[in-house]
file input.txt (compact mmCIF, C-alpha atoms)
# COMPACT_ATOMS: atom_id res chain seq x y z
CA MET A 55 105.12 146.04 117.35
CA LYS A 56 104.92 142.24 117.53
CA ASN A 57 105.40 140.39 114.26
CA ASP A 58 106.62 143.55 112.56
CA LYS A 59 109.53 143.16 110.21
CA ALA A 60 112.94 143.78 111.78
CA TYR A 61 116.50 143.62 110.53
CA LEU A 62 119.45 141.77 112.03
CA THR A 63 122.63 143.38 110.72
CA LEU A 64 126.04 141.87 111.31
CA GLN A 65 129.24 143.84 111.69
CA ASN A 66 130.47 142.37 108.39
CA GLY A 67 127.49 143.92 106.58
CA LYS A 68 125.43 140.76 106.20
CA GLN A 69 121.73 141.38 106.84
CA PHE A 70 118.85 139.07 107.82
CA VAL A 71 115.15 139.91 107.87
CA GLY A 72 112.88 138.48 110.57
CA ARG A 73 109.82 139.24 112.68
CA ARG A 74 109.71 140.73 116.16
CA PHE A 75 108.44 139.10 119.32
CA GLY A 76 108.92 140.01 122.96
CA ALA A 77 109.71 143.70 123.43
CA ASP A 78 110.42 146.35 120.81
CA GLY A 79 113.73 148.14 120.67
CA GLU A 80 116.83 149.01 118.70
CA ILE A 81 119.47 146.66 120.05
CA PHE A 82 123.25 146.39 119.75
CA GLY A 83 125.19 143.45 121.15
CA GLU A 84 127.79 140.75 120.66
CA LEU A 85 126.33 137.98 118.50
CA VAL A 86 126.87 134.44 119.83
CA PHE A 87 125.17 131.06 119.40
CA THR A 88 124.27 128.27 121.79
CA THR A 89 123.58 124.67 120.80
CA GLY A 90 121.38 123.47 123.66
CA MET A 91 118.29 121.50 122.59
CA THR A 92 116.63 122.25 125.93
CA GLY A 93 117.32 124.73 128.70
CA TYR A 94 116.37 127.95 126.93
CA ILE A 95 114.99 129.33 130.20
CA GLU A 96 118.35 128.76 131.85
CA THR A 97 120.11 130.35 128.86
CA LEU A 98 118.00 133.49 129.01
CA THR A 99 118.57 133.93 132.75
CA ASP A 100 122.29 133.09 132.81
CA PRO A 101 124.13 136.33 133.71
CA SER A 102 127.09 135.16 131.61
CA TYR A 103 125.11 136.23 128.52
CA TYR A 104 125.11 139.88 129.61
CA GLY A 105 125.56 142.18 126.58
CA GLN A 106 125.05 139.42 124.02
CA ILE A 107 122.51 138.73 121.28
CA VAL A 108 121.96 134.99 121.54
CA ILE A 109 121.18 132.73 118.58
CA GLN A 110 119.46 129.47 119.51
CA THR A 111 120.58 126.80 117.02
CA PHE A 112 117.76 124.38 117.89
CA PRO A 113 114.98 125.34 115.43
CA LEU A 114 111.90 125.37 117.70
CA ILE A 115 112.05 127.35 120.94
CA GLY A 116 109.34 127.96 123.54
CA ASN A 117 107.56 124.61 123.31
CA TYR A 118 107.45 124.17 127.11
CA GLY A 119 106.86 127.85 127.81
CA VAL A 120 108.42 129.64 130.76
CA ILE A 121 108.75 127.92 134.15
CA PRO A 122 109.93 130.47 136.78
CA GLN A 123 111.33 127.77 139.08
CA ASP A 124 113.85 126.86 136.36
CA CYS A 125 115.32 130.36 136.06
CA GLU A 126 119.00 130.77 136.96
CA SER A 127 118.58 134.35 138.21
CA LYS A 128 115.92 136.94 138.86
CA LYS A 129 115.65 138.11 135.24
CA PRO A 130 116.92 137.45 131.71
CA TRP A 131 120.30 139.00 130.86
CA VAL A 132 120.58 138.56 127.09
CA SER A 133 120.46 141.74 125.02
CA ALA A 134 118.22 140.04 122.46
CA TYR A 135 117.14 136.55 121.44
CA VAL A 136 117.13 135.10 117.90
CA VAL A 137 115.27 131.89 116.97
CA ARG A 138 114.16 130.08 113.84
CA GLU A 139 110.64 129.38 115.07
CA LYS A 140 108.88 130.35 118.29
CA CYS A 141 106.13 128.30 119.87
CA ASP A 142 103.04 130.32 120.82
CA TYR A 143 101.14 127.39 122.34
CA PRO A 144 103.45 125.68 124.84
CA SER A 145 102.56 122.37 126.44
CA ASN A 146 103.90 121.59 129.91
CA PHE A 147 102.15 121.12 133.23
CA ARG A 148 104.60 123.53 134.90
CA CYS A 149 104.30 126.27 132.27
CA GLU A 150 103.11 129.66 133.54
CA LYS A 151 103.47 131.85 130.42
CA THR A 152 104.68 131.92 126.85
CA LEU A 153 108.21 132.85 125.88
CA ASP A 154 106.83 135.84 123.97
CA ARG A 155 105.09 137.22 127.04
CA TYR A 156 108.11 136.58 129.28
CA LEU A 157 110.44 138.52 126.99
CA GLU A 158 107.94 141.36 126.68
CA GLU A 159 107.55 141.61 130.47
CA ASN A 160 111.31 141.82 130.86
CA ASN A 161 111.89 144.24 127.99
CA ILE A 162 113.95 141.79 125.94
CA SER A 163 113.70 141.93 122.15
CA GLY A 164 113.21 138.71 120.22
CA LEU A 165 113.51 137.95 116.52
CA TYR A 166 112.06 134.90 114.78
CA GLY A 167 111.84 133.66 111.20
CA ILE A 168 115.62 133.93 110.85
CA ASP A 169 117.70 131.27 109.10
CA THR A 170 119.63 130.43 112.26
CA ARG A 171 121.55 127.66 110.47
CA GLU A 172 123.09 130.11 108.01
CA LEU A 173 123.62 132.68 110.74
CA THR A 174 125.46 130.19 112.96
CA LYS A 175 127.67 129.07 110.07
CA ILE A 176 128.72 132.70 109.54
CA VAL A 177 129.66 133.10 113.22
CA ARG A 178 131.54 129.77 113.19
CA GLU A 179 133.62 130.84 110.21
CA ALA A 180 134.08 134.55 110.88
CA GLY A 181 134.02 134.43 114.68
CA VAL A 182 132.00 136.35 117.24
CA MET A 183 131.02 139.79 115.95
CA ASN A 184 128.76 142.68 116.85
CA ALA A 185 125.21 142.83 115.53
CA ALA A 186 122.19 145.11 115.64
CA ILE A 187 118.43 144.58 115.57
CA THR A 188 116.61 147.54 114.02
CA SER A 189 113.21 148.38 112.57
CA LYS A 190 114.78 149.75 109.40
CA PRO A 191 117.85 148.60 107.47
CA LEU A 192 120.98 149.80 109.24
CA LYS A 193 123.01 152.27 107.20
CA ASP A 194 125.28 153.90 109.79
CA PHE A 195 127.66 151.25 111.16
CA SER A 196 129.57 153.50 113.55
CA GLU A 197 127.66 152.56 116.72
CA LEU A 198 127.63 148.90 115.71
CA SER A 199 131.39 148.79 115.18
CA ALA A 200 132.09 150.68 118.41
CA TYR A 201 129.94 148.43 120.64
CA LYS A 202 131.82 146.71 123.45
CA ILE A 203 130.63 144.91 126.57
CA LYS A 204 131.75 146.98 129.56
CA ASN A 205 131.43 146.68 133.35
CA ALA A 206 129.96 143.23 132.89
CA VAL A 207 130.53 141.70 136.33
CA GLU A 208 129.58 144.91 138.14
CA SER A 209 126.30 144.95 136.21
CA VAL A 210 125.17 141.43 137.15
CA THR A 211 126.51 140.80 140.67
CA CYS A 212 124.19 140.86 143.68
CA GLY A 213 123.85 144.19 145.45
CA ASP A 214 124.11 142.86 149.00
CA VAL A 215 124.92 139.72 150.98
CA GLU A 216 122.45 136.84 150.63
CA TYR A 217 122.15 133.68 152.75
CA PHE A 218 121.05 130.18 151.72
CA GLY A 219 120.75 126.84 153.49
CA ASN A 220 121.06 125.68 157.10
CA PRO A 221 123.21 128.01 159.27
CA ASP A 222 124.64 124.88 160.92
CA GLY A 223 126.04 123.67 157.58
CA TYR A 224 129.51 124.11 156.09
CA LYS A 225 129.92 127.86 155.80
CA THR A 226 130.82 128.59 152.18
CA VAL A 227 131.26 132.01 150.60
CA VAL A 228 129.89 132.21 147.07
CA TRP A 229 131.70 135.10 145.43
CA ASP A 230 129.12 136.33 142.94
CA PHE A 231 130.51 137.37 139.55
CA GLY A 232 127.17 136.58 137.88
CA ALA A 233 126.29 133.33 139.60
CA LYS A 234 123.76 130.85 138.30
CA ASP A 235 121.35 129.91 141.07
CA ASN A 236 121.98 126.23 140.58
CA ILE A 237 125.51 126.60 141.94
CA VAL A 238 124.01 127.57 145.29
CA ARG A 239 121.37 124.83 145.03
CA GLU A 240 124.04 122.16 144.50
CA LEU A 241 126.07 123.41 147.48
CA VAL A 242 123.04 123.63 149.78
CA LYS A 243 121.98 120.15 148.72
CA ARG A 244 125.35 118.92 150.00
CA GLY A 245 125.03 120.56 153.41
CA CYS A 246 126.55 123.99 152.82
CA TYR A 247 125.45 127.22 154.39
CA CYS A 248 126.05 129.60 151.49
CA ILE A 249 126.83 133.27 151.97
CA LYS A 250 126.66 134.94 148.57
CA VAL A 251 128.68 138.14 148.49
CA PRO A 252 128.97 140.81 145.76
CA SER A 253 131.91 140.92 143.39
CA PHE A 254 133.19 144.11 145.02
CA TYR A 255 133.79 142.37 148.36
CA THR A 256 137.42 142.47 149.47
CA ALA A 257 139.58 139.58 150.64
CA GLU A 258 139.45 140.97 154.16
CA GLN A 259 135.65 141.09 154.16
CA ILE A 260 135.47 137.51 152.93
CA LEU A 261 137.90 136.24 155.57
CA GLN A 262 135.97 138.06 158.30
CA LEU A 263 133.04 135.78 157.52
CA ASN A 264 135.27 132.85 158.61
CA PRO A 265 134.20 130.50 155.81
CA ARG A 266 135.30 126.91 155.40
CA GLY A 267 135.33 127.17 151.62
CA LEU A 268 135.16 129.67 148.77
CA MET A 269 133.23 129.28 145.51
CA LEU A 270 134.27 131.44 142.54
CA THR A 271 131.26 131.64 140.25
CA ASN A 272 130.61 132.05 136.57
CA GLY A 273 130.02 135.48 135.06
CA PRO A 274 130.21 137.59 131.89
CA GLY A 275 132.80 139.64 130.05
CA ASP A 276 136.56 139.75 129.65
CA PRO A 277 138.15 138.19 132.75
CA ALA A 278 141.26 140.39 132.51
CA GLU A 279 139.16 143.52 133.09
CA ASN A 280 138.45 142.48 136.68
CA ARG A 281 141.73 143.72 138.12
CA GLY A 282 140.32 144.50 141.58
CA ILE A 283 138.85 141.01 141.96
CA ILE A 284 142.11 139.42 140.79
CA GLU A 285 144.14 141.38 143.36
CA ASN A 286 141.79 140.37 146.17
CA LEU A 287 141.79 136.76 145.02
CA LYS A 288 145.59 136.67 145.30
CA LYS A 289 145.19 137.36 149.03
CA LEU A 290 142.80 134.41 149.45
CA ILE A 291 144.63 131.71 147.54
CA GLY A 292 146.03 129.08 149.91
CA LYS A 293 144.00 130.28 152.89
CA LEU A 294 140.93 128.08 152.38
CA PRO A 295 139.58 125.48 149.94
CA ILE A 296 138.59 127.09 146.61
CA PHE A 297 136.49 125.85 143.71
CA GLY A 298 136.19 127.99 140.58
CA ILE A 299 133.69 127.60 137.74
CA CYS A 300 133.86 129.29 134.32
CA LEU A 301 134.80 132.95 134.96
CA GLY A 302 135.96 131.84 138.40
CA HIS A 303 138.34 129.41 136.68
CA GLN A 304 139.71 132.22 134.51
CA LEU A 305 140.11 134.70 137.37
CA PHE A 306 141.99 132.15 139.46
CA ALA A 307 144.35 131.52 136.55
CA LEU A 308 145.00 135.25 136.18
CA ALA A 309 145.61 135.56 139.92
CA MET A 310 148.23 132.83 139.57
CA GLY A 311 150.03 134.80 136.88
CA GLY A 312 148.38 133.08 133.94
CA LYS A 313 146.82 134.48 130.78
CA THR A 314 143.44 134.38 129.06
CA LYS A 315 142.50 135.05 125.44
CA LYS A 316 139.31 135.52 123.47
CA MET A 317 138.14 132.52 121.48
CA LYS A 318 136.94 132.64 117.89
CA TYR A 319 133.35 131.82 118.78
CA GLY A 320 133.55 130.25 122.23
CA HIS A 321 131.78 127.25 123.71
CA ARG A 322 128.06 127.65 124.39
CA GLY A 323 125.74 124.70 124.74
CA ALA A 324 125.04 121.48 126.61
CA ASN A 325 127.12 119.08 124.51
CA GLN A 326 130.79 119.98 124.97
CA PRO A 327 133.07 116.94 125.55
CA VAL A 328 135.82 117.38 128.15
CA LYS A 329 138.56 114.85 128.78
CA ASN A 330 140.04 114.08 132.18
CA LEU A 331 143.77 113.87 131.50
CA GLU A 332 144.43 111.63 134.50
CA THR A 333 141.84 108.95 133.73
CA GLY A 334 141.23 109.47 130.02
CA ARG A 335 137.48 109.54 130.64
CA VAL A 336 135.37 111.96 128.60
CA TYR A 337 132.42 113.82 130.12
CA ILE A 338 129.69 115.72 128.28
CA SER A 339 129.39 119.19 129.76
CA SER A 340 127.40 122.39 129.63
CA GLN A 341 129.43 125.49 128.80
CA ASN A 342 129.03 129.20 128.19
CA HIS A 343 132.21 131.18 127.67
CA GLY A 344 134.01 133.25 125.06
CA TYR A 345 137.46 133.32 126.70
CA GLU A 346 139.92 130.54 127.49
CA VAL A 347 142.81 130.07 129.89
CA VAL A 348 146.19 129.70 128.17
CA SER A 349 147.30 126.47 129.85
CA SER A 350 150.98 126.80 128.93
CA ALA A 351 151.25 129.91 131.11
CA LEU A 352 150.31 127.88 134.22
CA LYS A 353 152.44 124.77 133.74
CA ASP A 354 154.75 125.69 136.62
CA VAL A 355 152.02 126.48 139.19
CA GLY A 356 149.28 123.94 138.58
CA VAL A 357 148.28 120.71 136.86
CA LEU A 358 146.17 120.76 133.70
CA SER A 359 143.26 118.45 134.56
CA TYR A 360 140.76 118.69 131.69
CA VAL A 361 140.89 119.62 128.01
CA ASN A 362 138.15 120.07 125.44
CA ALA A 363 138.00 116.96 123.26
CA ASN A 364 137.03 119.01 120.22
CA ASP A 365 139.68 121.73 120.17
CA ASN A 366 142.07 120.78 123.02
CA THR A 367 141.53 124.07 124.86
CA CYS A 368 141.98 124.23 128.63
CA GLU A 369 138.96 123.02 130.61
CA GLY A 370 140.38 122.69 134.11
CA PHE A 371 143.33 123.08 136.45
CA ASP A 372 144.21 121.54 139.80
CA TYR A 373 146.38 123.35 142.35
CA PRO A 374 147.03 120.60 144.92
CA ASP A 375 149.50 122.62 146.99
CA LEU A 376 146.88 125.36 147.40
CA ASN A 377 143.82 123.15 147.96
CA ALA A 378 142.12 124.63 144.93
CA PHE A 379 140.75 123.40 141.62
CA THR A 380 138.89 125.13 138.82
CA VAL A 381 136.96 124.11 135.70
CA GLN A 382 135.83 125.97 132.63
CA PHE A 383 132.61 123.95 132.23
CA HIS A 384 129.47 123.91 134.38
CA PRO A 385 129.07 120.96 136.78
CA GLU A 386 125.85 122.54 138.08
CA ALA A 387 124.26 122.19 134.61
CA CYS A 388 120.49 122.37 134.57
CA GLY A 389 118.74 121.06 132.54
CA GLY A 390 121.84 118.92 132.07
CA PRO A 391 124.06 117.13 131.40
CA HIS A 392 124.97 116.10 134.95
CA ASP A 393 128.16 114.14 134.17
CA ALA A 394 130.39 116.50 136.16
CA SER A 395 128.25 117.05 139.26
CA PHE A 396 130.75 114.95 141.24
CA LEU A 397 133.03 118.00 141.30
CA PHE A 398 130.80 119.51 143.97
CA ASP A 399 131.40 116.38 146.05
CA LYS A 400 135.13 116.85 145.56
CA PHE A 401 134.86 120.42 146.84
CA ILE A 402 132.76 119.36 149.83
CA ALA A 403 135.33 116.69 150.70
CA ASN A 404 138.02 119.39 150.75
CA VAL A 405 135.85 121.60 152.94
CA LYS A 406 135.10 118.75 155.37
CA GLU A 407 138.74 117.84 155.72
CA GLY A 408 139.61 121.45 156.40
CA LYS A 409 142.69 121.49 154.22
CA TYR A 410 144.06 124.91 155.03
CA ASN A 411 147.46 125.60 153.56
CA ALA A 412 148.10 129.17 154.69
call {"tool": "encode", "arguments": {"input": "input.txt", "output": "structure tokens"}}
result
Amino acid sequence: MKNDKAYLTLQNGKQFVGRRFGADGEIFGELVFTTGMTGYIETLTDPSYYGQIVIQTFPLIGNYGVIPQDCESKKPWVSAYVVREKCDYPSNFRCEKTLDRYLEENNISGLYGIDTRELTKIVREAGVMNAAITSKPLKDFSELSAYKIKNAVESVTCGDVEYFGNPDGYKTVVWDFGAKDNIVRELVKRGCYCIKVPSFYTAEQILQLNPRGLMLTNGPGDPAENRGIIENLKKLIGKLPIFGICLGHQLFALAMGGKTKKMKYGHRGANQPVKNLETGRVYISSQNHGYEVVSSALKDVGVLSYVNANDNTCEGFDYPDLNAFTVQFHPEACGGPHDASFLFDKFIANVKEGKYNA
């Protein structure tokens, strides 16, 4: 029941007591935090959060309610949502419902009244860990310890082909690994005719569509688990212009013989600084990922283009001989920042010039 006491139990045994909102339920998931001050609607509906209990570090959430037009997909994908304080009386001329009602309608459990500052500090120091939300104190930790996100991309990809934009535009295949809608919006805005295809599409099926460009989207889970996608991607590299974002960046690296590894607590939020190694300029970016590309494994096949200014992890690679480039961050960020939106223009320029290297 709403406002009933509930327990958030971490895999290390630490327990927090809060109050329920949204839907009821006994929830297990991977506990992560995001630092965005705005954009909670986009966070909830980002498929990259599949299987995760999300902590919102900003203390007041829900103050502008829920605005369906701002959603990044058809439904929320988080396993549960943890906030310090929820707003029950939102104020925004576009608001259609409260956050509480939205979560309840979509069967997502929420927890408020939690010391999210302390909780985030634990995750920062100990790293990402499993957690459970229960109505009674958790005593049996076996299910909690055994929890693992599985079949992530297969669970969030579209079920069939979808079309967006003017059919006379630049035909671009959007390979959906858990795509945020704003990726398509940014491409359509630049004159693309987007054909979004499911993750299980083969290289042959994609080439039969005769696209002028290929977008590799964001998505959830361990990139190395997607062996079928990686094998199909190998057949496409060099045959048409490619732009990869987030999971797409990681999958391209794996297809090129690179490696990925899980980060301690990942990058999630709208304030991650990335440095362009060619110009030295730093951009503020939106990010949501728990894995990173090991840049040293790709030094002979590509050019490291961006690094994270905080921890020096890989944020982008260029493959000039293959007419491809990929970034770990989100240039389609909504509600911001928009520093890196020019990367879509770079991709469109490649598509227009028709740089085929096959």
call {"tool": "atom_distance", "arguments": {"input": "input.txt", "atom1": "atom CA of A:Phe70", "atom2": "atom CA of A:Gly273"}}
result
29.7 Å
call {"tool": "closest_atom_pairs", "arguments": {"input": "input.txt", "of": "stretch 284-347 of chain A", "to": "stretch 80-100 of chain A", "cutoff": "10 Å", "atoms": "only C-alpha atoms", "output": "CSV"}}
result
residue,atom,partner,partner_atom,distance
A:Tyr319,CA,A:Val86,CA,7.1
A:Gly320,CA,A:Val86,CA,8.2
A:His321,CA,A:Thr88,CA,7.8
A:Arg322,CA,A:Thr88,CA,4.6
A:Gly323,CA,A:Thr89,CA,4.5
A:Ala324,CA,A:Gly90,CA,5.1
A:Asn325,CA,A:Gly90,CA,7.3
A:Gln326,CA,A:Thr89,CA,9.6
A:Ser340,CA,A:Gly90,CA,8.5
A:Gln341,CA,A:Thr88,CA,9.1
A:Asn342,CA,A:Thr88,CA,8.0
A:Gly344,CA,A:Val86,CA,8.9
call {"tool": "residues_near_point", "arguments": {"input": "input.txt", "point": "(131.7, 125.6, 154.2)", "cutoff": "6 Å", "atoms": "all atoms listed in the file", "output": "NGL selection string"}}
result
:A and (224-226 or 246 or 265-267 or 405)
call {"tool": "closest_residue", "arguments": {"input": "input.txt", "among": "A:Ile284, A:Leu290, A:Val210, A:Ile402", "to": "A:Ser127", "atoms": "all atoms listed in the file"}}
result
A:Val210
call {"tool": "atom_distance", "arguments": {"input": "input.txt", "atom1": "atom CA of A:Ile203", "atom2": "atom CA of A:Lys234"}}
result
19.6 Å
call {"tool": "atom_distance", "arguments": {"input": "input.txt", "atom1": "atom CA of A:Val328", "atom2": "atom CA of A:Glu346"}}
result
13.8 Å
call {"tool": "closest_atom_pairs", "arguments": {"input": "input.txt", "of": "stretch 264-347 of chain A", "to": "stretch 366-388 of chain A", "cutoff": "6 Å", "atoms": "only C-alpha atoms", "output": "JSON lines"}}
result
{"residue": "A:Gly292", "atom": "CA", "partner": "A:Leu376", "partner_atom": "CA", "distance": 4.6}
{"residue": "A:Pro295", "atom": "CA", "partner": "A:Asn377", "partner_atom": "CA", "distance": 5.2}
{"residue": "A:Ile296", "atom": "CA", "partner": "A:Ala378", "partner_atom": "CA", "distance": 4.6}
{"residue": "A:Phe297", "atom": "CA", "partner": "A:Phe379", "partner_atom": "CA", "distance": 5.3}
{"residue": "A:Gly298", "atom": "CA", "partner": "A:Thr380", "partner_atom": "CA", "distance": 4.3}
{"residue": "A:Ile299", "atom": "CA", "partner": "A:Val381", "partner_atom": "CA", "distance": 5.2}
{"residue": "A:Cys300", "atom": "CA", "partner": "A:Gln382", "partner_atom": "CA", "distance": 4.2}
{"residue": "A:His303", "atom": "CA", "partner": "A:Thr380", "partner_atom": "CA", "distance": 4.8}
{"residue": "A:Ser340", "atom": "CA", "partner": "A:His384", "partner_atom": "CA", "distance": 5.4}
{"residue": "A:Gln341", "atom": "CA", "partner": "A:Phe383", "partner_atom": "CA", "distance": 4.9}
call {"tool": "closest_residue", "arguments": {"input": "input.txt", "among": "A:Ser133, A:Glu279, A:Thr63, A:Leu294", "to": "A:Asp194", "atoms": "all atoms listed in the file"}}
result
A:Thr63
call {"tool": "closest_residue", "arguments": {"input": "input.txt", "among": "A:Lys313, A:Lys318, A:Arg335, A:Lys204", "to": "A:Leu352", "atoms": "only C-alpha atoms"}}
result
A:Lys313
call {"tool": "closest_residue", "arguments": {"input": "input.txt", "among": "A:Gly76, A:Pro122, A:Pro101, A:Gly275", "to": "A:Lys202", "atoms": "only C-alpha atoms"}}
result
A:Gly275
call {"tool": "residues_around", "arguments": {"input": "input.txt", "residues": "A:Ile115", "least_positions_apart": "6", "cutoff": "8 Å", "atoms": "only C-alpha atoms", "output": "number ranges by chain"}}
result
A: 94, 137-141
call {"tool": "write_last_selection", "arguments": {"input": "input.txt", "atoms": "C-alpha atoms", "output": "tab-separated table (two decimals), keeping the file's coordinate frame"}}
result
chain	number	residue	atom	x	y	z
A	94	TYR	CA	116.37	127.95	126.93
A	137	VAL	CA	115.27	131.89	116.97
A	138	ARG	CA	114.16	130.08	113.84
A	139	GLU	CA	110.64	129.38	115.07
A	140	LYS	CA	108.88	130.35	118.29
A	141	CYS	CA	106.13	128.30	119.87
call {"tool": "residues_around", "arguments": {"input": "input.txt", "residues": "A:Gly282", "least_positions_apart": "3", "cutoff": "8 Å", "atoms": "all atoms listed in the file", "output": "PDB file with C-alpha atoms, in the coordinates of the input"}}
result
ATOM      1  CA  PHE A 254     133.190 144.110 145.020  1.00  0.00           C
ATOM      2  CA  GLU A 285     144.140 141.380 143.360  1.00  0.00           C
ATOM      3  CA  ASN A 286     141.790 140.370 146.170  1.00  0.00           C
TER       4      ASN A 286
END
call {"tool": "build_atoms", "arguments": {"input": "input.txt", "residues": "stretch 215-229 of chain A", "atoms": "N, CA and C atoms", "output": "compact mmCIF listing (two decimals), keeping the file's coordinate frame"}}
result
# COMPACT_ATOMS: atom_id res chain seq x y z
N VAL A 215 124.68 141.10 150.56
CA VAL A 215 124.92 139.72 150.98
C VAL A 215 123.60 138.96 151.05
N GLU A 216 123.63 137.71 150.58
CA GLU A 216 122.45 136.84 150.63
C GLU A 216 122.83 135.51 151.28
N TYR A 217 121.87 134.90 151.98
CA TYR A 217 122.15 133.68 152.75
C TYR A 217 121.24 132.55 152.28
N PHE A 218 121.81 131.33 152.18
CA PHE A 218 121.05 130.18 151.72
C PHE A 218 121.46 128.95 152.53
N GLY A 219 120.46 128.10 152.83
CA GLY A 219 120.75 126.84 153.49
C GLY A 219 120.69 126.92 155.01
N ASN A 220 121.09 125.83 155.64
CA ASN A 220 121.06 125.68 157.10
C ASN A 220 122.28 126.37 157.71
N PRO A 221 122.06 127.32 158.64
CA PRO A 221 123.21 128.01 159.27
C PRO A 221 124.18 127.07 159.99
N ASP A 222 123.75 125.85 160.27
CA ASP A 222 124.64 124.88 160.92
C ASP A 222 125.49 124.11 159.90
N GLY A 223 125.30 124.40 158.61
CA GLY A 223 126.04 123.67 157.58
C GLY A 223 127.45 124.20 157.39
N TYR A 224 128.14 123.68 156.38
CA TYR A 224 129.51 124.11 156.09
C TYR A 224 129.46 125.51 155.49
N LYS A 225 130.01 126.46 156.23
CA LYS A 225 129.92 127.86 155.80
C LYS A 225 130.79 128.07 154.55
N THR A 226 130.13 128.42 153.46
CA THR A 226 130.82 128.59 152.18
C THR A 226 130.47 129.95 151.60
N VAL A 227 131.49 130.73 151.27
CA VAL A 227 131.26 132.01 150.60
C VAL A 227 131.16 131.77 149.10
N VAL A 228 130.08 132.25 148.52
CA VAL A 228 129.89 132.21 147.07
C VAL A 228 130.15 133.61 146.55
N TRP A 229 131.29 133.78 145.92
CA TRP A 229 131.70 135.10 145.43
C TRP A 229 131.01 135.31 144.08
